[in-house]
$ cat start_38.cif   # mmCIF, C-alpha atoms
data_query
#
loop_
_atom_site.label_atom_id
_atom_site.label_comp_id
_atom_site.auth_asym_id
_atom_site.auth_seq_id
_atom_site.Cartn_x
_atom_site.Cartn_y
_atom_site.Cartn_z
CA MET A 25 -49.09 -112.40 104.56
CA THR A 26 -49.21 -109.09 106.37
CA GLY A 27 -48.94 -105.79 104.53
CA ALA A 28 -47.06 -102.61 105.36
CA ARG A 29 -49.83 -101.32 107.62
CA GLY A 30 -50.09 -104.53 109.65
CA ARG A 31 -53.25 -105.69 107.86
CA GLU A 32 -53.62 -108.89 105.95
CA VAL A 33 -52.71 -108.66 102.27
CA THR A 34 -55.37 -109.75 99.83
CA GLU A 35 -54.58 -110.87 96.30
CA ILE A 36 -56.78 -108.74 94.06
CA ALA A 37 -57.32 -109.66 90.42
CA PHE A 38 -58.96 -107.21 88.04
CA TYR A 39 -60.89 -108.90 85.23
CA HIS A 40 -61.35 -106.51 82.32
CA LEU A 41 -64.41 -107.83 80.45
CA THR A 42 -64.11 -106.95 76.77
CA ARG A 43 -65.57 -109.99 75.02
CA SER A 44 -68.21 -111.22 77.43
CA THR A 45 -70.65 -110.00 80.03
CA LEU A 46 -70.51 -110.58 83.75
CA GLU A 47 -73.19 -113.24 83.31
CA GLN A 48 -70.96 -115.11 80.88
CA ALA A 49 -67.67 -114.80 82.79
CA LEU A 50 -68.74 -115.17 86.42
CA PRO A 51 -70.06 -118.76 86.32
CA ARG A 52 -66.70 -120.12 85.13
CA LEU A 53 -64.82 -118.25 87.83
CA LEU A 54 -67.26 -119.44 90.50
CA ASP A 55 -67.00 -123.01 89.25
CA ARG A 56 -63.22 -122.85 89.60
CA THR A 57 -63.65 -121.41 93.08
CA LEU A 58 -65.80 -124.34 94.18
CA GLN A 59 -63.44 -126.84 92.51
CA SER A 60 -60.60 -125.40 94.59
CA GLY A 61 -62.61 -126.04 97.75
CA GLU A 62 -63.30 -122.38 98.50
CA ARG A 63 -66.46 -120.42 99.21
CA ALA A 64 -67.37 -117.12 97.58
CA VAL A 65 -69.29 -113.93 98.17
CA VAL A 66 -70.49 -112.08 95.08
CA LEU A 67 -71.04 -108.39 95.84
CA VAL A 68 -73.19 -106.49 93.33
CA GLY A 69 -74.83 -103.07 93.14
CA SER A 70 -78.41 -103.78 94.26
CA ALA A 71 -80.71 -106.38 95.80
CA GLU A 72 -82.50 -106.67 92.46
CA ARG A 73 -79.23 -107.35 90.67
CA ALA A 74 -78.34 -110.01 93.26
CA GLU A 75 -81.63 -111.82 92.65
CA ALA A 76 -81.29 -111.56 88.86
CA LEU A 77 -77.75 -112.93 88.99
CA ALA A 78 -78.88 -115.76 91.27
CA ALA A 79 -81.65 -116.67 88.83
CA HIS A 80 -79.12 -116.63 85.99
CA LEU A 81 -76.77 -119.01 87.83
CA TRP A 82 -79.58 -121.57 88.10
CA SER A 83 -80.19 -121.56 84.35
CA PHE A 84 -77.00 -120.50 82.52
CA ASP A 85 -75.99 -124.08 81.68
CA PRO A 86 -78.36 -127.05 82.03
CA GLY A 87 -75.37 -129.36 82.56
CA SER A 88 -73.88 -127.31 85.39
CA PHE A 89 -74.76 -126.74 89.04
CA LEU A 90 -73.46 -123.82 91.08
CA PRO A 91 -74.98 -124.00 94.58
CA HIS A 92 -75.70 -120.48 95.77
CA GLY A 93 -78.11 -118.32 97.69
CA THR A 94 -79.23 -114.79 98.48
CA ALA A 95 -81.00 -113.06 101.36
CA ARG A 96 -84.29 -114.30 99.88
CA ASP A 97 -83.06 -117.90 100.25
CA GLY A 98 -81.62 -117.48 103.74
CA GLU A 99 -79.32 -119.96 105.47
CA ALA A 100 -76.26 -118.00 104.37
CA ALA A 101 -73.82 -120.11 106.38
CA ARG A 102 -74.80 -123.17 104.31
CA GLN A 103 -74.34 -121.49 100.92
CA PRO A 104 -71.03 -122.13 99.09
CA ILE A 105 -71.74 -118.99 97.02
CA TRP A 106 -73.51 -116.01 98.60
CA ILE A 107 -74.79 -113.23 96.34
CA SER A 108 -75.57 -109.89 97.95
CA HIS A 109 -75.58 -106.13 97.58
CA LEU A 110 -74.45 -105.82 101.21
CA ASP A 111 -70.81 -105.79 102.27
CA GLU A 112 -71.06 -109.02 104.27
CA ASN A 113 -69.48 -112.45 104.51
CA PRO A 114 -72.13 -114.63 106.17
CA ASN A 115 -70.87 -117.88 104.63
CA GLY A 116 -67.24 -117.54 105.76
CA ALA A 117 -65.95 -117.15 102.19
CA ALA A 118 -62.27 -116.68 101.36
CA PHE A 119 -63.00 -115.31 97.87
CA LEU A 120 -64.85 -112.08 97.07
CA PHE A 121 -66.20 -111.22 93.62
CA VAL A 122 -67.08 -107.54 93.13
CA ALA A 123 -69.10 -106.22 90.19
CA ASP A 124 -71.48 -103.45 89.14
CA GLY A 125 -69.49 -100.75 90.88
CA ALA A 126 -70.11 -102.25 94.32
CA ARG A 127 -67.47 -101.57 96.96
CA SER A 128 -66.25 -103.53 99.94
CA GLU A 129 -64.59 -102.10 103.03
CA ARG A 130 -63.71 -105.65 104.08
CA ILE A 131 -61.19 -106.62 101.38
CA ALA A 132 -58.61 -107.63 103.99
CA ASP A 133 -61.05 -110.24 105.33
CA TYR A 134 -60.63 -112.27 102.13
CA THR A 135 -57.72 -114.23 100.69
CA ARG A 136 -58.63 -113.24 97.14
CA CYS A 137 -60.76 -110.57 95.55
CA PHE A 138 -61.91 -110.55 91.93
CA GLU A 139 -62.91 -107.15 90.53
CA LEU A 140 -64.91 -107.77 87.34
CA PHE A 141 -65.61 -104.72 85.21
CA ASP A 142 -67.04 -103.83 81.80
CA GLY A 143 -64.14 -102.69 79.64
CA ARG A 144 -66.52 -101.15 77.10
CA ASP A 145 -67.62 -98.43 79.53
CA GLU A 146 -64.99 -95.70 79.99
CA THR A 147 -66.54 -94.50 83.27
CA VAL A 148 -66.28 -98.02 84.70
CA VAL A 149 -62.71 -98.37 83.41
CA ALA A 150 -61.73 -95.09 85.06
CA ASP A 151 -63.30 -96.22 88.34
CA SER A 152 -61.37 -99.49 88.13
CA ARG A 153 -58.11 -97.59 87.69
CA GLU A 154 -58.83 -95.65 90.87
CA ARG A 155 -59.60 -98.88 92.73
CA TRP A 156 -56.31 -100.35 91.50
CA LYS A 157 -54.40 -97.36 92.90
CA SER A 158 -56.27 -97.56 96.20
CA TYR A 159 -55.60 -101.28 96.63
CA LYS A 160 -51.91 -100.86 95.76
CA SER A 161 -51.50 -98.00 98.23
CA ALA A 162 -53.15 -100.17 100.92
CA GLY A 163 -50.45 -102.79 100.31
CA HIS A 164 -52.55 -105.44 98.56
CA THR A 165 -51.15 -107.54 95.73
CA VAL A 166 -52.88 -106.67 92.45
CA ALA A 167 -53.01 -108.38 89.06
CA TYR A 168 -54.71 -107.46 85.80
CA TRP A 169 -56.41 -109.90 83.44
CA ARG A 170 -57.85 -108.85 80.09
CA GLN A 171 -59.96 -110.89 77.72
CA GLY A 172 -58.06 -111.53 74.52
CA GLU A 173 -58.75 -113.54 71.41
CA ASN A 174 -57.48 -116.71 73.09
CA GLY A 175 -59.02 -116.22 76.55
CA TRP A 176 -57.70 -114.41 79.61
CA GLU A 177 -54.30 -112.75 79.33
CA LYS A 178 -52.44 -111.65 82.44
CA THR A 179 -50.59 -108.35 82.12
CA ALA A 180 -48.87 -105.91 84.50
#

$ encode --input "start_38.cif" --output "structure tokens"
Amino acid sequence: MTGARGREVTEIAFYHLTRSTLEQALPRLLDRTLQSGERAVVLVGSAERAEALAAHLWSFDPGSFLPHGTARDGEAARQPIWISHLDENPNGAAFLFVADGARSERIADYTRCFELFDGRDETVVADSRERWKSYKSAGHTVAYWRQGENGWEKTA
């Protein structure tokens, strides 16, 4: 789908984390991504955070396997999930996951973008509101998901 400015429209979903951390929520979303046959890039705030998140994905659930890599691992094109602090898409992913205040100038290169943010931090919430406005004004489709007592609830 092409937006008002002739660019591709990306579906952007904001995930307002109120009951769990990024480390708890992200693996489930990435698992669903792989089950749907898609690849993902996870964009975070620093190289150290990328490596820490990668280490977490190897150990978060002994019964689960989420194949992924970082710059330290190399062979980006072979990685179904690429974790980086750089605004890049070396594995040809259709899905982008953004966290830790990272920003991408390449949103239109993806089919879907997932903005995950800590709803317990008012500064982060305010930044997410600004991102929402920016994405809407660029013509992207946006959705908002909030963690409720019974899981994720989609609102406006």

$ closest_residue --input "start_38.cif" --among "A:Ile131, A:Ala162, A:Leu120, A:Ile105" --to "Leu58 in chain A" --atoms "all atoms listed in the file"
A:Ile105

$ closest_residue --input "start_38.cif" --among "A:Thr45, A:Thr94, A:Asn115, A:Asn174" --to "Glu75 in chain A" --atoms "all atoms listed in the file"
A:Thr94

$ atom_distance --input "start_38.cif" --atom1 "CA of Arg63 in chain A" --atom2 "CA of Pro104 in chain A"
4.9 Å

$ atom_distance --input "start_38.cif" --atom1 "CA of Thr179 in chain A" --atom2 "CA of Gln48 in chain A"
21.5 Å

$ atom_distance --input "start_38.cif" --atom1 "CA of Leu46 in chain A" --atom2 "CA of Lys160 in chain A"
24.2 Å
